[in-house]
>>> print(open('start39.cif').read())   # mmCIF, C-alpha atoms
data_target
#
loop_
_atom_site.group_PDB
_atom_site.id
_atom_site.type_symbol
_atom_site.label_atom_id
_atom_site.label_comp_id
_atom_site.auth_asym_id
_atom_site.auth_seq_id
_atom_site.Cartn_x
_atom_site.Cartn_y
_atom_site.Cartn_z
ATOM 1 C CA MET J 189 -2.309 14.582 -18.924
ATOM 2 C CA LYS J 190 0.644 14.601 -16.572
ATOM 3 C CA LEU J 191 -0.828 13.404 -13.279
ATOM 4 C CA SER J 192 -3.844 11.326 -12.251
ATOM 5 C CA VAL J 193 -4.794 11.581 -8.581
ATOM 6 C CA ILE J 194 -6.841 8.501 -7.647
ATOM 7 C CA ILE J 195 -8.948 8.667 -4.484
ATOM 8 C CA THR J 196 -10.853 5.649 -3.166
ATOM 9 C CA CYS J 197 -13.962 5.982 -1.044
ATOM 10 C CA TYR J 198 -16.137 3.664 1.020
ATOM 11 C CA ASN J 199 -18.496 5.186 3.587
ATOM 12 C CA PHE J 200 -16.385 8.331 3.929
ATOM 13 C CA GLU J 201 -19.175 10.941 3.780
ATOM 14 C CA ALA J 202 -17.689 12.800 6.763
ATOM 15 C CA VAL J 203 -14.128 13.075 5.417
ATOM 16 C CA ILE J 204 -14.073 12.547 1.642
ATOM 17 C CA VAL J 205 -14.452 16.261 0.827
ATOM 18 C CA ARG J 206 -11.410 17.017 2.997
ATOM 19 C CA CYS J 207 -9.355 14.660 0.817
ATOM 20 C CA ILE J 208 -10.660 15.859 -2.546
ATOM 21 C CA ASP J 209 -10.451 19.512 -1.543
ATOM 22 C CA SER J 210 -6.845 19.120 -0.364
ATOM 23 C CA VAL J 211 -6.002 18.424 -4.028
ATOM 24 C CA VAL J 212 -8.456 20.747 -5.798
ATOM 25 C CA LYS J 213 -7.560 23.825 -3.738
ATOM 26 C CA GLN J 214 -3.961 23.456 -4.979
ATOM 27 C CA LEU J 215 -5.013 23.558 -8.628
ATOM 28 C CA ASP J 216 -4.608 26.890 -10.374
ATOM 29 C CA ASP J 217 -4.653 28.293 -13.898
ATOM 30 C CA ALA J 218 -1.056 27.152 -14.428
ATOM 31 C CA ASN J 219 -1.488 23.485 -13.493
ATOM 32 C CA PHE J 220 -5.159 22.463 -13.608
ATOM 33 C CA ALA J 221 -4.909 21.176 -17.203
ATOM 34 C CA ASP J 222 -2.115 18.819 -16.145
ATOM 35 C CA VAL J 223 -4.003 17.126 -13.311
ATOM 36 C CA GLU J 224 -7.108 14.961 -13.190
ATOM 37 C CA VAL J 225 -8.816 13.826 -9.979
ATOM 38 C CA ILE J 226 -10.577 10.446 -10.066
ATOM 39 C CA VAL J 227 -12.777 9.474 -7.114
ATOM 40 C CA VAL J 228 -13.780 5.800 -7.042
ATOM 41 C CA ASP J 229 -16.711 4.899 -4.811
ATOM 42 C CA ASP J 230 -16.944 1.247 -3.785
ATOM 43 C CA VAL J 231 -20.758 1.193 -3.328
ATOM 44 C CA SER J 232 -20.827 3.241 -0.134
ATOM 45 C CA LYS J 233 -23.843 2.717 2.104
ATOM 46 C CA ASP J 234 -23.809 6.271 3.407
ATOM 47 C CA ALA J 235 -24.193 9.584 1.539
ATOM 48 C CA SER J 236 -20.656 9.596 0.100
ATOM 49 C CA VAL J 237 -21.784 9.599 -3.536
ATOM 50 C CA SER J 238 -24.146 12.502 -2.958
ATOM 51 C CA VAL J 239 -21.467 14.469 -1.100
ATOM 52 C CA ILE J 240 -18.914 13.854 -3.863
ATOM 53 C CA SER J 241 -21.406 14.725 -6.610
ATOM 54 C CA ASP J 242 -22.284 18.007 -4.901
ATOM 55 C CA TYR J 243 -18.609 18.890 -4.602
ATOM 56 C CA ILE J 244 -17.924 18.123 -8.272
ATOM 57 C CA ALA J 245 -20.902 20.289 -9.289
ATOM 58 C CA ARG J 246 -19.456 23.232 -7.357
ATOM 59 C CA PHE J 247 -16.044 22.807 -8.980
ATOM 60 C CA HIS J 248 -17.169 21.724 -12.436
ATOM 61 C CA LYS J 249 -14.372 23.689 -14.109
ATOM 62 C CA ARG J 250 -11.807 21.372 -12.547
ATOM 63 C CA ASN J 251 -11.107 17.936 -13.988
ATOM 64 C CA ILE J 252 -12.807 15.797 -11.346
ATOM 65 C CA ARG J 253 -14.526 12.502 -12.130
ATOM 66 C CA LEU J 254 -16.653 10.237 -9.965
ATOM 67 C CA VAL J 255 -16.472 6.543 -10.872
ATOM 68 C CA CYS J 256 -18.993 4.306 -9.116
ATOM 69 C CA ARG J 257 -18.471 0.573 -8.894
ATOM 70 C CA GLU J 258 -21.570 -1.540 -9.504
ATOM 71 C CA GLN J 259 -20.693 -4.023 -6.761
ATOM 72 C CA ASN J 260 -18.680 -3.649 -3.596
ATOM 73 C CA GLY J 261 -15.319 -5.309 -4.217
ATOM 74 C CA GLY J 262 -13.073 -3.897 -1.524
ATOM 75 C CA VAL J 263 -10.351 -1.269 -1.599
ATOM 76 C CA CYS J 264 -8.072 -3.273 -3.926
ATOM 77 C CA ALA J 265 -10.764 -3.543 -6.593
ATOM 78 C CA ALA J 266 -11.575 0.165 -6.210
ATOM 79 C CA LYS J 267 -7.933 1.177 -6.657
ATOM 80 C CA ASN J 268 -7.567 -1.098 -9.682
ATOM 81 C CA MET J 269 -10.607 0.550 -11.244
ATOM 82 C CA GLY J 270 -9.016 3.955 -10.700
ATOM 83 C CA LEU J 271 -5.815 2.738 -12.338
ATOM 84 C CA SER J 272 -7.756 1.372 -15.310
ATOM 85 C CA VAL J 273 -9.395 4.718 -16.164
ATOM 86 C CA ALA J 274 -6.477 7.026 -15.315
ATOM 87 C CA LYS J 275 -5.009 9.000 -18.220
ATOM 88 C CA GLY J 276 -1.981 10.545 -16.519
ATOM 89 C CA GLU J 277 1.653 9.781 -17.222
ATOM 90 C CA TYR J 278 2.112 9.538 -13.456
ATOM 91 C CA LEU J 279 -0.249 8.275 -10.771
ATOM 92 C CA TRP J 280 -0.860 9.301 -7.168
ATOM 93 C CA ILE J 281 -3.072 6.887 -5.207
ATOM 94 C CA LEU J 282 -4.771 8.324 -2.115
ATOM 95 C CA ASP J 283 -7.007 6.885 0.584
ATOM 96 C CA GLY J 284 -10.183 8.913 0.954
ATOM 97 C CA ASP J 285 -9.871 9.281 4.737
ATOM 98 C CA ASP J 286 -6.451 10.951 4.427
ATOM 99 C CA TYR J 287 -5.400 14.096 2.542
ATOM 100 C CA ILE J 288 -2.372 15.675 0.873
ATOM 101 C CA SER J 289 -0.164 18.302 2.500
ATOM 102 C CA ASP J 290 -0.424 22.005 1.716
ATOM 103 C CA GLY J 291 1.853 22.852 -1.187
ATOM 104 C CA SER J 292 2.511 19.212 -2.025
ATOM 105 C CA LEU J 293 1.006 19.321 -5.515
ATOM 106 C CA ALA J 294 3.590 21.881 -6.626
ATOM 107 C CA VAL J 295 6.343 19.762 -5.065
ATOM 108 C CA VAL J 296 5.093 16.670 -6.917
ATOM 109 C CA LEU J 297 4.750 18.395 -10.298
ATOM 110 C CA LYS J 298 8.235 19.882 -9.967
ATOM 111 C CA ALA J 299 9.700 16.471 -9.078
ATOM 112 C CA MET J 300 8.003 14.945 -12.117
ATOM 113 C CA SER J 301 9.609 17.631 -14.269
ATOM 114 C CA ASP J 302 13.032 17.294 -12.609
ATOM 115 C CA TYR J 303 13.117 13.468 -12.774
ATOM 116 C CA PRO J 304 11.141 12.518 -15.909
ATOM 117 C CA ASP J 305 12.797 9.115 -16.323
ATOM 118 C CA GLU J 306 12.082 7.804 -12.815
ATOM 119 C CA GLU J 307 9.647 4.934 -12.339
ATOM 120 C CA ILE J 308 8.882 5.964 -8.762
ATOM 121 C CA ILE J 309 9.416 9.277 -6.994
ATOM 122 C CA THR J 310 9.050 8.761 -3.258
ATOM 123 C CA PHE J 311 8.519 11.372 -0.545
ATOM 124 C CA ASP J 312 8.087 11.807 3.209
ATOM 125 C CA ALA J 313 4.755 11.658 5.023
ATOM 126 C CA ARG J 314 3.201 12.966 8.230
ATOM 127 C CA PHE J 315 1.448 10.445 10.468
ATOM 128 C CA HIS J 316 -1.373 11.785 12.627
ATOM 129 C CA TYR J 317 -1.659 9.475 15.632
ATOM 130 C CA PRO J 318 -4.241 10.280 18.312
ATOM 131 C CA GLY J 319 -2.582 13.148 20.158
ATOM 132 C CA GLU J 320 0.727 12.953 18.262
ATOM 133 C CA LEU J 321 2.156 14.032 14.901
ATOM 134 C CA VAL J 322 5.139 12.105 13.504
ATOM 135 C CA VAL J 323 7.057 13.039 10.348
ATOM 136 C CA GLU J 324 8.442 9.876 8.787
ATOM 137 C CA LYS J 325 11.478 10.269 6.546
ATOM 138 C CA ARG J 326 13.035 7.745 4.191
ATOM 139 C CA ASP J 327 16.346 6.059 4.982
ATOM 140 C CA MET J 328 17.792 6.340 1.498
ATOM 141 C CA PRO J 329 19.983 8.647 -0.632
ATOM 142 C CA VAL J 330 18.451 12.040 -1.388
ATOM 143 C CA LEU J 331 17.805 12.996 -5.022
ATOM 144 C CA LYS J 332 19.745 9.962 -6.252
ATOM 145 C CA SER J 333 18.258 7.171 -8.330
ATOM 146 C CA ILE J 334 18.427 3.659 -6.835
ATOM 147 C CA ASN J 335 16.854 0.311 -7.721
ATOM 148 C CA GLY J 336 14.362 -1.857 -5.873
ATOM 149 C CA ILE J 337 16.967 -4.143 -4.331
ATOM 150 C CA ASP J 338 18.821 -1.221 -2.763
ATOM 151 C CA PHE J 339 15.497 0.189 -1.600
ATOM 152 C CA PHE J 340 14.444 -2.991 0.231
ATOM 153 C CA LYS J 341 17.747 -3.309 2.015
ATOM 154 C CA LYS J 342 16.861 -0.211 4.038
ATOM 155 C CA ASN J 343 13.128 0.475 3.614
ATOM 156 C CA TYR J 344 10.081 -1.588 4.452
ATOM 157 C CA VAL J 345 7.538 1.237 4.224
ATOM 158 C CA VAL J 346 5.996 0.418 0.843
ATOM 159 C CA CYS J 347 2.630 2.182 1.080
ATOM 160 C CA PRO J 348 1.733 3.680 -2.329
ATOM 161 C CA TRP J 349 0.268 7.002 -1.220
ATOM 162 C CA ARG J 350 3.618 8.691 -0.522
ATOM 163 C CA ASN J 351 4.836 7.933 -4.042
ATOM 164 C CA ILE J 352 4.302 9.227 -7.558
ATOM 165 C CA ILE J 353 4.294 6.240 -9.902
ATOM 166 C CA SER J 354 4.955 6.022 -13.625
ATOM 167 C CA ALA J 355 1.855 4.622 -15.367
ATOM 168 C CA SER J 356 3.977 3.000 -18.085
ATOM 169 C CA TYR J 357 6.074 1.255 -15.420
ATOM 170 C CA LEU J 358 2.962 -0.298 -13.826
ATOM 171 C CA LYS J 359 1.740 -1.487 -17.215
ATOM 172 C CA LYS J 360 5.136 -2.919 -18.168
ATOM 173 C CA HIS J 361 5.176 -5.210 -15.130
ATOM 174 C CA ASN J 362 1.392 -5.617 -14.861
ATOM 175 C CA ILE J 363 1.434 -4.352 -11.275
ATOM 176 C CA LEU J 364 -2.036 -4.240 -9.740
ATOM 177 C CA PHE J 365 -3.608 -4.589 -6.318
ATOM 178 C CA THR J 366 -4.513 -8.180 -5.422
ATOM 179 C CA ASP J 367 -8.176 -8.522 -4.452
ATOM 180 C CA GLY J 368 -8.791 -9.447 -0.829
ATOM 181 C CA VAL J 369 -5.326 -8.590 0.488
ATOM 182 C CA VAL J 370 -5.423 -6.771 3.854
ATOM 183 C CA PRO J 371 -3.864 -4.296 4.255
ATOM 184 C CA ASP J 372 -3.906 -3.584 0.554
ATOM 185 C CA ASP J 373 -0.582 -1.760 0.336
ATOM 186 C CA VAL J 374 1.893 -4.414 1.558
ATOM 187 C CA GLU J 375 1.768 -6.884 -1.328
ATOM 188 C CA PHE J 376 1.217 -4.116 -3.895
ATOM 189 C CA GLY J 377 4.140 -2.161 -2.458
ATOM 190 C CA LEU J 378 6.385 -5.214 -2.601
ATOM 191 C CA LYS J 379 5.752 -5.492 -6.343
ATOM 192 C CA LEU J 380 5.805 -1.731 -6.863
ATOM 193 C CA PHE J 381 9.291 -1.226 -5.440
ATOM 194 C CA GLY J 382 10.617 -4.703 -6.149
ATOM 195 C CA TYR J 383 10.568 -4.463 -9.939
ATOM 196 C CA ALA J 384 11.788 -0.863 -10.062
ATOM 197 C CA GLU J 385 15.150 0.091 -11.517
ATOM 198 C CA ARG J 386 14.821 3.841 -10.964
ATOM 199 C CA ILE J 387 13.555 5.265 -7.653
ATOM 200 C CA THR J 388 14.320 8.804 -6.498
ATOM 201 C CA TYR J 389 13.676 10.156 -3.012
ATOM 202 C CA VAL J 390 12.652 13.795 -2.574
ATOM 203 C CA PRO J 391 12.784 14.753 1.144
ATOM 204 C CA GLU J 392 9.508 16.690 1.253
ATOM 205 C CA SER J 393 6.342 15.715 3.143
ATOM 206 C CA ILE J 394 3.420 15.375 0.750
ATOM 207 C CA TYR J 395 0.870 13.235 2.593
ATOM 208 C CA GLU J 396 -1.161 13.444 5.796
ATOM 209 C CA TYR J 397 -1.909 9.925 7.038
ATOM 210 C CA ILE J 398 -4.696 9.770 9.610
ATOM 211 C CA ILE J 399 -4.416 6.886 12.056
ATOM 212 C CA GLN J 400 -7.659 6.098 13.836
ATOM 213 C CA LYS J 401 -8.582 3.404 16.304
ATOM 214 C CA THR J 402 -11.059 2.012 13.764
ATOM 215 C CA SER J 403 -8.479 1.913 10.947
ATOM 216 C CA ILE J 404 -8.347 -1.392 9.046
ATOM 217 C CA THR J 405 -4.590 -1.533 9.650
ATOM 218 C CA ASN J 406 -5.009 -1.184 13.421
ATOM 219 C CA LYS J 407 -7.571 -3.839 14.249
ATOM 220 C CA PHE J 408 -7.837 -7.567 13.740
ATOM 221 C CA ASN J 409 -9.191 -8.501 10.346
ATOM 222 C CA GLU J 410 -9.861 -12.168 9.683
ATOM 223 C CA ARG J 411 -8.572 -11.832 6.103
ATOM 224 C CA LYS J 412 -5.225 -10.308 7.082
ATOM 225 C CA PRO J 413 -3.364 -13.517 8.069
ATOM 226 C CA TYR J 414 -4.363 -15.071 4.731
ATOM 227 C CA SER J 415 -2.855 -12.113 2.875
ATOM 228 C CA LEU J 416 0.551 -13.487 3.851
ATOM 229 C CA PHE J 417 0.286 -16.085 1.091
ATOM 230 C CA ALA J 418 -0.032 -13.402 -1.604
ATOM 231 C CA VAL J 419 3.007 -11.604 -0.149
ATOM 232 C CA VAL J 420 5.012 -14.852 -0.208
ATOM 233 C CA ASP J 421 3.989 -15.585 -3.814
ATOM 234 C CA SER J 422 5.072 -12.128 -4.980
ATOM 235 C CA ALA J 423 8.319 -12.332 -2.988
ATOM 236 C CA ILE J 424 9.239 -15.648 -4.586
ATOM 237 C CA LYS J 425 8.508 -14.291 -8.075
ATOM 238 C CA LEU J 426 10.711 -11.272 -7.391
ATOM 239 C CA TYR J 427 13.440 -13.517 -5.978
ATOM 240 C CA GLU J 428 13.378 -15.594 -9.144
ATOM 241 C CA TYR J 429 13.350 -12.457 -11.329
ATOM 242 C CA LYS J 430 15.952 -10.368 -9.496
ATOM 243 C CA LYS J 431 17.994 -13.165 -7.856
ATOM 244 C CA ASP J 432 18.191 -11.369 -4.518
ATOM 245 C CA ARG J 433 16.876 -12.719 -1.222
ATOM 246 C CA CYS J 434 15.966 -9.288 0.200
ATOM 247 C CA PHE J 435 12.424 -9.906 -1.070
ATOM 248 C CA LEU J 436 12.217 -13.217 0.778
ATOM 249 C CA LYS J 437 13.440 -11.500 3.933
ATOM 250 C CA PHE J 438 10.669 -8.914 3.524
ATOM 251 C CA ALA J 439 8.070 -11.704 3.245
ATOM 252 C CA ALA J 440 9.578 -13.562 6.228
ATOM 253 C CA ASP J 441 9.359 -10.414 8.352
ATOM 254 C CA ILE J 442 5.737 -9.861 7.278
ATOM 255 C CA ALA J 443 5.025 -13.486 8.246
ATOM 256 C CA ASN J 444 6.448 -12.910 11.716
ATOM 257 C CA MET J 445 4.430 -9.730 12.126
ATOM 258 C CA ILE J 446 1.224 -11.575 11.252
ATOM 259 C CA TRP J 447 2.026 -14.634 13.358
ATOM 260 C CA THR J 448 2.913 -12.614 16.452
ATOM 261 C CA CYS J 449 0.311 -9.845 16.159
ATOM 262 C CA ASP J 450 -2.727 -11.447 14.518
ATOM 263 C CA CYS J 451 -2.660 -15.155 15.383
ATOM 264 C CA PRO J 452 -2.974 -14.491 19.160
ATOM 265 C CA MET J 453 -6.230 -12.638 18.418
ATOM 266 C CA MET J 454 -7.879 -15.591 16.648
ATOM 267 C CA ASN J 455 -10.614 -17.664 18.238
ATOM 268 C CA LYS J 456 -10.438 -21.461 18.101
ATOM 269 C CA THR J 457 -12.363 -21.779 14.835
ATOM 270 C CA GLN J 458 -10.314 -19.078 13.115
ATOM 271 C CA LYS J 459 -7.085 -20.648 14.320
ATOM 272 C CA ARG J 460 -8.135 -24.125 13.137
ATOM 273 C CA ASP J 461 -9.004 -22.807 9.664
ATOM 274 C CA TYR J 462 -5.782 -20.818 9.457
ATOM 275 C CA ILE J 463 -3.667 -23.844 10.375
ATOM 276 C CA LYS J 464 -5.238 -25.673 7.416
ATOM 277 C CA ALA J 465 -4.412 -22.743 5.125
ATOM 278 C CA VAL J 466 -0.805 -22.632 6.339
ATOM 279 C CA GLU J 467 -0.544 -26.390 5.757
ATOM 280 C CA ALA J 468 -1.725 -25.894 2.169
ATOM 281 C CA ASN J 469 0.894 -23.163 1.617
ATOM 282 C CA LYS J 470 3.648 -24.686 3.773
ATOM 283 C CA ASP J 471 6.111 -25.501 0.988
ATOM 284 C CA ARG J 472 6.250 -21.896 -0.227
ATOM 285 C CA LEU J 473 6.452 -20.529 3.312
ATOM 286 C CA VAL J 474 9.297 -22.897 4.195
ATOM 287 C CA PHE J 475 11.139 -21.981 0.988
ATOM 288 C CA CYS J 476 10.783 -18.294 1.805
ATOM 289 C CA LEU J 477 11.960 -18.686 5.404
ATOM 290 C CA ASN J 478 14.863 -20.993 4.515
ATOM 291 C CA ASN J 479 16.207 -18.653 1.836
ATOM 292 C CA SER J 480 15.667 -15.314 3.575
ATOM 293 C CA GLY J 481 19.180 -15.226 5.005
ATOM 294 C CA SER J 482 17.958 -15.230 8.598
ATOM 295 C CA LEU J 483 19.016 -17.958 11.044
ATOM 296 C CA PHE J 484 15.888 -17.262 13.092
ATOM 297 C CA ALA J 485 13.715 -17.738 9.983
ATOM 298 C CA LYS J 486 15.469 -21.030 9.222
ATOM 299 C CA THR J 487 14.620 -22.217 12.731
ATOM 300 C CA GLU J 488 10.998 -21.229 12.119
ATOM 301 C CA ALA J 489 11.027 -23.206 8.861
ATOM 302 C CA LEU J 490 12.216 -26.285 10.742
ATOM 303 C CA PHE J 491 9.361 -26.049 13.262
ATOM 304 C CA LEU J 492 6.886 -25.281 10.484
ATOM 305 C CA THR J 493 7.970 -28.376 8.562
ATOM 306 C CA PHE J 494 7.569 -30.542 11.654
ATOM 307 C CA SER J 495 4.136 -29.262 12.746
ATOM 308 C CA VAL J 496 2.186 -26.153 11.741
ATOM 309 C CA SER J 497 -0.057 -26.401 14.797
ATOM 310 C CA LEU J 498 2.872 -26.728 17.205
ATOM 311 C CA PHE J 499 4.725 -23.881 15.504
ATOM 312 C CA LEU J 500 1.810 -21.421 15.739
ATOM 313 C CA ASN J 501 1.146 -22.411 19.361
ATOM 314 C CA ILE J 502 4.802 -21.697 20.204
ATOM 315 C CA VAL J 503 4.608 -18.324 18.448
ATOM 316 C CA VAL J 504 1.441 -17.336 20.315
ATOM 317 C CA PHE J 505 2.896 -18.497 23.668
ATOM 318 C CA TYR J 506 6.112 -16.527 23.005
ATOM 319 C CA LYS J 507 4.121 -13.400 22.168
ATOM 320 C CA ARG J 508 2.070 -13.639 25.364
ATOM 321 C CA LEU J 509 5.199 -14.275 27.413
ATOM 322 C CA PHE J 510 6.992 -11.176 26.135
#
>>> encode(input="start39.cif", output="structure tokens")
Amino acid sequence: MKLSVIITCYNFEAVIVRCIDSVVKQLDDANFADVEVIVVDDVSKDASVSVISDYIARFHKRNIRLVCREQNGGVCAAKNMGLSVAKGEYLWILDGDDYISDGSLAVVLKAMSDYPDEEIITFDARFHYPGELVVEKRDMPVLKSINGIDFFKKNYVVCPWRNIISASYLKKHNILFTDGVVPDDVEFGLKLFGYAERITYVPESIYEYIIQKTSITNKFNERKPYSLFAVVDSAIKLYEYKKDRCFLKFAADIANMIWTCDCPMMNKTQKRDYIKAVEANKDRLVFCLNNSGSLFAKTEALFLTFSVSLFLNIVVFYKRLF
């Protein structure tokens, strides 16, 4: 099996067929034996399972599997389950409310054939904002293999769905999604690209990313600020492994994004609990900020060392001011 396409689903009865069908309609007699489609349902409360089952019955000649989790564990657990049962040499991880571009499967299979030694083959994507379509291209050499350090010096877009990933590479470094991290792709993407020695960019759009007002990445989620600690942990491990501070800079920038975008949206109880969590993780945060190579981050580390509460209040005030 050359390619496993993993699709995660939770309460997507209205859109899940669009995602699955975007893959299946591109299968033909020449490539269907090389591709498996794995749909992981995370105990949906709507009719998703029934909709998926009906679709699979209609296309029973294609290699489509439905895997149902016994307990709801979140999108990270669902993606990890898909990874655990995948048989392909390469993996393509999709979100069930998005879909792949027309003709993209042929592009992906050709890239896998052209660059068989790459750990990651990365592509462009099309972002569907309400009323606007944006094609996002990578800022990196075209059709030239680079490593993770070079990647992070120019790219912060680490979402997995625009990449084809070597299954053996994931296993070698034990790269999985961390349960409870929101959004799920930031910390996973840090590890995914951070450990890589061979990444090739093919300038073709393969993914249609649907941005909705109700998207988990576009609204306040109480778990999101706590996900920073997982990002910092992974960044420090990569820093120790690769001896390059670009990973710490990535984590410092994620910290600033969370502190300026999410902390102002907290109520008093949420803010009080988060201050306690930051206090418990302060040493690692300060280490990350101090060693990121940014003078601004070093200043933040100084304030953070002095008083977490004062620091977060200053950040929130600054955000509201500007």
>>> residues_near_point(input="start39.cif", point="(1.5, -3.2, -1.8)", cutoff="10 Å", atoms="all atoms listed in the file", output="PyMOL selection string")
chain J and resi 264+345-348+363-366+369-381+419
>>> resolve_selection(input="start39.cif", expression="the PyMOL selection byres ((chain J and resi 248-258) around 10)", output="ChimeraX atom specification")
/J:192-197,208,212,215-216,220-232,237,240-247,259-261,265-266,269-270,273
>>> write_last_selection(input="start39.cif", atoms="C-alpha atoms", output="PDB file, in the coordinates of the input")
ATOM      1  CA  SER J 192      -3.844  11.326 -12.251  1.00  0.00           C
ATOM      2  CA  VAL J 193      -4.794  11.581  -8.581  1.00  0.00           C
ATOM      3  CA  ILE J 194      -6.841   8.501  -7.647  1.00  0.00           C
ATOM      4  CA  ILE J 195      -8.948   8.667  -4.484  1.00  0.00           C
ATOM      5  CA  THR J 196     -10.853   5.649  -3.166  1.00  0.00           C
ATOM      6  CA  CYS J 197     -13.962   5.982  -1.044  1.00  0.00           C
ATOM      7  CA  ILE J 208     -10.660  15.859  -2.546  1.00  0.00           C
ATOM      8  CA  VAL J 212      -8.456  20.747  -5.798  1.00  0.00           C
ATOM      9  CA  LEU J 215      -5.013  23.558  -8.628  1.00  0.00           C
ATOM     10  CA  ASP J 216      -4.608  26.890 -10.374  1.00  0.00           C
ATOM     11  CA  PHE J 220      -5.159  22.463 -13.608  1.00  0.00           C
ATOM     12  CA  ALA J 221      -4.909  21.176 -17.203  1.00  0.00           C
ATOM     13  CA  ASP J 222      -2.115  18.819 -16.145  1.00  0.00           C
ATOM     14  CA  VAL J 223      -4.003  17.126 -13.311  1.00  0.00           C
ATOM     15  CA  GLU J 224      -7.108  14.961 -13.190  1.00  0.00           C
ATOM     16  CA  VAL J 225      -8.816  13.826  -9.979  1.00  0.00           C
ATOM     17  CA  ILE J 226     -10.577  10.446 -10.066  1.00  0.00           C
ATOM     18  CA  VAL J 227     -12.777   9.474  -7.114  1.00  0.00           C
ATOM     19  CA  VAL J 228     -13.780   5.800  -7.042  1.00  0.00           C
ATOM     20  CA  ASP J 229     -16.711   4.899  -4.811  1.00  0.00           C
ATOM     21  CA  ASP J 230     -16.944   1.247  -3.785  1.00  0.00           C
ATOM     22  CA  VAL J 231     -20.758   1.193  -3.328  1.00  0.00           C
ATOM     23  CA  SER J 232     -20.827   3.241  -0.134  1.00  0.00           C
ATOM     24  CA  VAL J 237     -21.784   9.599  -3.536  1.00  0.00           C
ATOM     25  CA  ILE J 240     -18.914  13.854  -3.863  1.00  0.00           C
ATOM     26  CA  SER J 241     -21.406  14.725  -6.610  1.00  0.00           C
ATOM     27  CA  ASP J 242     -22.284  18.007  -4.901  1.00  0.00           C
ATOM     28  CA  TYR J 243     -18.609  18.890  -4.602  1.00  0.00           C
ATOM     29  CA  ILE J 244     -17.924  18.123  -8.272  1.00  0.00           C
ATOM     30  CA  ALA J 245     -20.902  20.289  -9.289  1.00  0.00           C
ATOM     31  CA  ARG J 246     -19.456  23.232  -7.357  1.00  0.00           C
ATOM     32  CA  PHE J 247     -16.044  22.807  -8.980  1.00  0.00           C
ATOM     33  CA  GLN J 259     -20.693  -4.023  -6.761  1.00  0.00           C
ATOM     34  CA  ASN J 260     -18.680  -3.649  -3.596  1.00  0.00           C
ATOM     35  CA  GLY J 261     -15.319  -5.309  -4.217  1.00  0.00           C
ATOM     36  CA  ALA J 265     -10.764  -3.543  -6.593  1.00  0.00           C
ATOM     37  CA  ALA J 266     -11.575   0.165  -6.210  1.00  0.00           C
ATOM     38  CA  MET J 269     -10.607   0.550 -11.244  1.00  0.00           C
ATOM     39  CA  GLY J 270      -9.016   3.955 -10.700  1.00  0.00           C
ATOM     40  CA  VAL J 273      -9.395   4.718 -16.164  1.00  0.00           C
TER      41      VAL J 273
END
>>> residues_near_point(input="start39.cif", point="(-23.8, 6.5, 3.7)", cutoff="8 Å", atoms="all atoms listed in the file", output="list in words")
Asn199, Phe200, Glu201, Ser232, Lys233, Asp234, Ala235 and Ser236 of chain J
>>> resolve_selection(input="start39.cif", expression="the PyMOL selection byres ((chain J and resi 386) around 12)", output="mmCIF file with C-alpha atoms, in the coordinates of the input")
data_model
loop_
_atom_site.group_PDB
_atom_site.id
_atom_site.type_symbol
_atom_site.label_atom_id
_atom_site.label_comp_id
_atom_site.auth_asym_id
_atom_site.auth_seq_id
_atom_site.Cartn_x
_atom_site.Cartn_y
_atom_site.Cartn_z
ATOM 1 C CA TYR J 303 13.117 13.468 -12.774
ATOM 2 C CA PRO J 304 11.141 12.518 -15.909
ATOM 3 C CA ASP J 305 12.797 9.115 -16.323
ATOM 4 C CA GLU J 306 12.082 7.804 -12.815
ATOM 5 C CA GLU J 307 9.647 4.934 -12.339
ATOM 6 C CA ILE J 308 8.882 5.964 -8.762
ATOM 7 C CA ILE J 309 9.416 9.277 -6.994
ATOM 8 C CA THR J 310 9.050 8.761 -3.258
ATOM 9 C CA LEU J 331 17.805 12.996 -5.022
ATOM 10 C CA LYS J 332 19.745 9.962 -6.252
ATOM 11 C CA SER J 333 18.258 7.171 -8.330
ATOM 12 C CA ILE J 334 18.427 3.659 -6.835
ATOM 13 C CA ASN J 335 16.854 0.311 -7.721
ATOM 14 C CA GLY J 336 14.362 -1.857 -5.873
ATOM 15 C CA ILE J 337 16.967 -4.143 -4.331
ATOM 16 C CA ASP J 338 18.821 -1.221 -2.763
ATOM 17 C CA PHE J 339 15.497 0.189 -1.600
ATOM 18 C CA ILE J 353 4.294 6.240 -9.902
ATOM 19 C CA SER J 354 4.955 6.022 -13.625
ATOM 20 C CA TYR J 357 6.074 1.255 -15.420
ATOM 21 C CA LEU J 380 5.805 -1.731 -6.863
ATOM 22 C CA PHE J 381 9.291 -1.226 -5.440
ATOM 23 C CA GLY J 382 10.617 -4.703 -6.149
ATOM 24 C CA TYR J 383 10.568 -4.463 -9.939
ATOM 25 C CA ALA J 384 11.788 -0.863 -10.062
ATOM 26 C CA GLU J 385 15.150 0.091 -11.517
ATOM 27 C CA ILE J 387 13.555 5.265 -7.653
ATOM 28 C CA THR J 388 14.320 8.804 -6.498
ATOM 29 C CA TYR J 389 13.676 10.156 -3.012
#
>>> closest_residue(input="start39.cif", among="J:Gly262, J:Gly276, J:Pro318, J:Gly481", to="Ile398 in chain J", atoms="only C-alpha atoms")
J:Pro318
